[in-house]
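Asker: Shown below is the structure under consideration.
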Amino acid sequence: MTNAPLFSEQLLTTLRSANHIAVLTGAGVSAESGIPTFREAQTGLWAQYDPQELATPTAFRKNPKLVWEWYTWRRQLVIESAPNPGHLALVEMEQQVPQFTLITQNVDGLHDRAGSKNMIELHGNITRTKCFDAHHNVSSWAETDEVPPRCPQCGSLLRPDVVWFGESLPYDAIKTAVSAAGTCDLFFSIGTSSLVHPAA
């Protein structure tokens, strides 16, 4: 019994001749790393909550402590996970072509930890924090008993630096992603149902 090649010769030839490859990734890429998707059932304490109801500005205004604690739980899942072979394969692909653009809908930062360089995080990054009102990027804050903590610059509540349901994607990120998708020689969509905008 012989091993079949992983890729057809035609695909390998196309990959080798491409000047610019663009890749869109979704939650399926991080599933092997143990990151639950929004469509999967939550576990433990969080099983009683619908993620799509917690990930909104309205939910944060109504109960900022609950939303912050839910994101703290999700952030801990990300910290305890590691990039998987899919993330590493994309790093390898990036090193093989003159121009490579990784466009991700994921907020887990695993592409960055794997070593991807030219990357657009359409929905932000759960490991980063910004303030709710003025959108200052905040890397550290005074430890207090208040949950969520407050921005050291303006005093507003801190929130994860992610795009919530009902919020617009960052203009520069979407503009760059659309440009890359429109000018690349080869485009891959990996691990996305194409139901989440802008992939839909």
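Residues in the structure tokens are numbered from 1 in each chain, the chains being A, B, ... in the order shown, and ligands are numbered from 1 in the order shown.
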Can you pull out every residue from segment 33-122 of chain A that DSSP, working from the backbone, puts in strand (DSSP E or B), and format the result as a ChimeraX atom specification?
Answerer: /A:99-104,119-121
Asker: Kindly export the residues of the current selection with C-alpha atoms, as a JSON list (two decimals), in the first residue's frame.
Answerer:
[["chain", "number", "residue", "atom", "x", "y", "z"],
["A", 99, "GLN", "CA", 3.40, 38.03, -0.10],
["A", 100, "PHE", "CA", 1.03, 36.41, 2.38],
["A", 101, "THR", "CA", -1.96, 37.87, 4.21],
["A", 102, "LEU", "CA", -3.64, 36.02, 7.06],
["A", 103, "ILE", "CA", -7.14, 37.32, 7.79],
["A", 104, "THR", "CA", -8.64, 35.81, 10.93],
["A", 119, "MET", "CA", -2.02, 39.17, 10.03],
["A", 120, "ILE", "CA", -5.33, 41.01, 10.27],
["A", 121, "GLU", "CA", -7.44, 40.25, 13.36]]
Asker: For atom CA of Leu54 of chain A and atom CA of Arg75 of chain A, quote the distance in Å rounded to one decimal.
Answerer: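 Computed distance, atom CA of Leu54 of chain A to atom CA of Arg75 of chain A, equals 14.5 Å.
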Asker: Excluding His135 of chain A and its own-chain neighbours fewer than 6 positions away, which residues fall within 10 Å of it when counting only C-alpha atoms? Please give them as a list in words.
Answerer: Thr129, Cys151, Cys154, Ser156, Leu158, Arg159 and Asp161 of chain A
Asker: Need to verify the contact set: segment 84-87 of chain A, 12 Å, only C-alpha atoms, exclusion of same-chain residues closer than 2 positions in sequence. Can you return it as a VMD selection string?
Answerer: chain A and resid 23 25 to 35 81 to 82 89 to 94 102 104 106 108 to 117 190 to 191
Asker: Would you save the residues of that selection, restricted to C-alpha atoms, as a PDB file, in the first residue's frame?
Answerer:
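Result written to result.pdb:
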ATOM      1  CA  VAL A  23      -6.052  33.018   3.915  1.00  0.00           C
ATOM      2  CA  THR A  25      -9.505  31.561   9.109  1.00  0.00           C
ATOM      3  CA  GLY A  26     -12.401  30.977  11.466  1.00  0.00           C
ATOM      4  CA  ALA A  27     -13.117  29.177  14.723  1.00  0.00           C
ATOM      5  CA  GLY A  28     -12.564  25.729  13.214  1.00  0.00           C
ATOM      6  CA  VAL A  29      -8.819  26.392  13.033  1.00  0.00           C
ATOM      7  CA  SER A  30      -8.607  26.804  16.812  1.00  0.00           C
ATOM      8  CA  ALA A  31     -10.980  23.953  17.707  1.00  0.00           C
ATOM      9  CA  GLU A  32      -8.076  21.474  17.790  1.00  0.00           C
ATOM     10  CA  SER A  33      -6.420  23.731  20.380  1.00  0.00           C
ATOM     11  CA  GLY A  34      -9.457  23.313  22.645  1.00  0.00           C
ATOM     12  CA  ILE A  35     -10.984  26.749  22.093  1.00  0.00           C
ATOM     13  CA  SER A  81      -4.085  26.495  24.984  1.00  0.00           C
ATOM     14  CA  ALA A  82      -1.357  26.302  22.357  1.00  0.00           C
ATOM     15  CA  ALA A  89       1.221  25.106   8.726  1.00  0.00           C
ATOM     16  CA  LEU A  90       0.047  28.641   7.950  1.00  0.00           C
ATOM     17  CA  VAL A  91       3.288  30.056   9.388  1.00  0.00           C
ATOM     18  CA  GLU A  92       5.188  27.693   7.091  1.00  0.00           C
ATOM     19  CA  MET A  93       3.075  28.743   4.102  1.00  0.00           C
ATOM     20  CA  GLU A  94       3.750  32.416   4.878  1.00  0.00           C
ATOM     21  CA  LEU A 102      -3.645  36.018   7.058  1.00  0.00           C
ATOM     22  CA  THR A 104      -8.635  35.814  10.934  1.00  0.00           C
ATOM     23  CA  ASN A 106     -10.571  34.443  15.695  1.00  0.00           C
ATOM     24  CA  ASP A 108      -7.644  33.940  20.533  1.00  0.00           C
ATOM     25  CA  GLY A 109      -4.262  35.255  19.329  1.00  0.00           C
ATOM     26  CA  LEU A 110      -3.040  31.738  18.487  1.00  0.00           C
ATOM     27  CA  HIS A 111      -1.901  32.739  14.980  1.00  0.00           C
ATOM     28  CA  ASP A 112       0.320  35.391  16.565  1.00  0.00           C
ATOM     29  CA  ARG A 113       1.694  32.920  19.113  1.00  0.00           C
ATOM     30  CA  ALA A 114       2.391  30.440  16.298  1.00  0.00           C
ATOM     31  CA  GLY A 115       4.514  33.056  14.530  1.00  0.00           C
ATOM     32  CA  SER A 116       2.287  34.489  11.785  1.00  0.00           C
ATOM     33  CA  LYS A 117       3.537  37.932  10.766  1.00  0.00           C
ATOM     34  CA  ILE A 190     -10.217  27.553   6.472  1.00  0.00           C
ATOM     35  CA  GLY A 191     -12.303  26.678   9.515  1.00  0.00           C
TER      36      GLY A 191
END
Asker: If I take atom CA of Pro149 of chain A and atom CA of Thr56 of chain A, how far is one from the other in Å, to one decimal?
Answerer: 18.2 Å
Asker: Using only C-alpha atoms, which of A:Leu169, A:Ile174, A:Leu12, A:Cys131 sits nearest Arg150 of chain A?
Answerer: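 Under the stated criterion, the closest residue is A:Cys131.
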Asker: DSSP on the backbone: which residues in segment 27-175 of chain A end up as alpha helix (DSSP H)? Give the answer as a count of residues only.
Answerer: 54
Asker: Taking only C-alpha atoms into account, which of A:Val78, A:Val147, A:Val97, A:Ala173 comes nearest Arg128 of chain A?
Answerer: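 Closest candidate: A:Val78.
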Asker: Rank nothing, just name the residue among A:His136, A:Thr183, A:His20, A:Ser8 nearest to Pro98 of chain A, using only C-alpha atoms.
Answerer: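 Checking each of A:His136, A:Thr183, A:His20, A:Ser8 against Pro98 of chain A, counting only C-alpha atoms, the winner is A:His20.
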Asker: Please, what distance in Å, to one decimal, runs between atom CA of Thr176 of chain A and atom CA of Ile126 of chain A?
Answerer: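 Between atom CA of Thr176 of chain A and atom CA of Ile126 of chain A the gap works out to 20.9 Å.
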Asker: Could you tell me which of A:Leu157, A:Val163, A:Leu11, A:Ala22 comes closest to Ala177 of chain A if we count only C-alpha atoms?
Answerer: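 Once distances to Ala177 of chain A are computed over only C-alpha atoms, the minimum belongs to A:Ala22.
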Asker: Between A:Ile21, A:Thr192, A:Gly155, A:Asp185, which one has atoms that come closest to Gln95 of chain A, using only C-alpha atoms?
Answerer: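 Between A:Ile21, A:Thr192, A:Gly155, A:Asp185, the residue approaching Gln95 of chain A most closely is A:Ile21.
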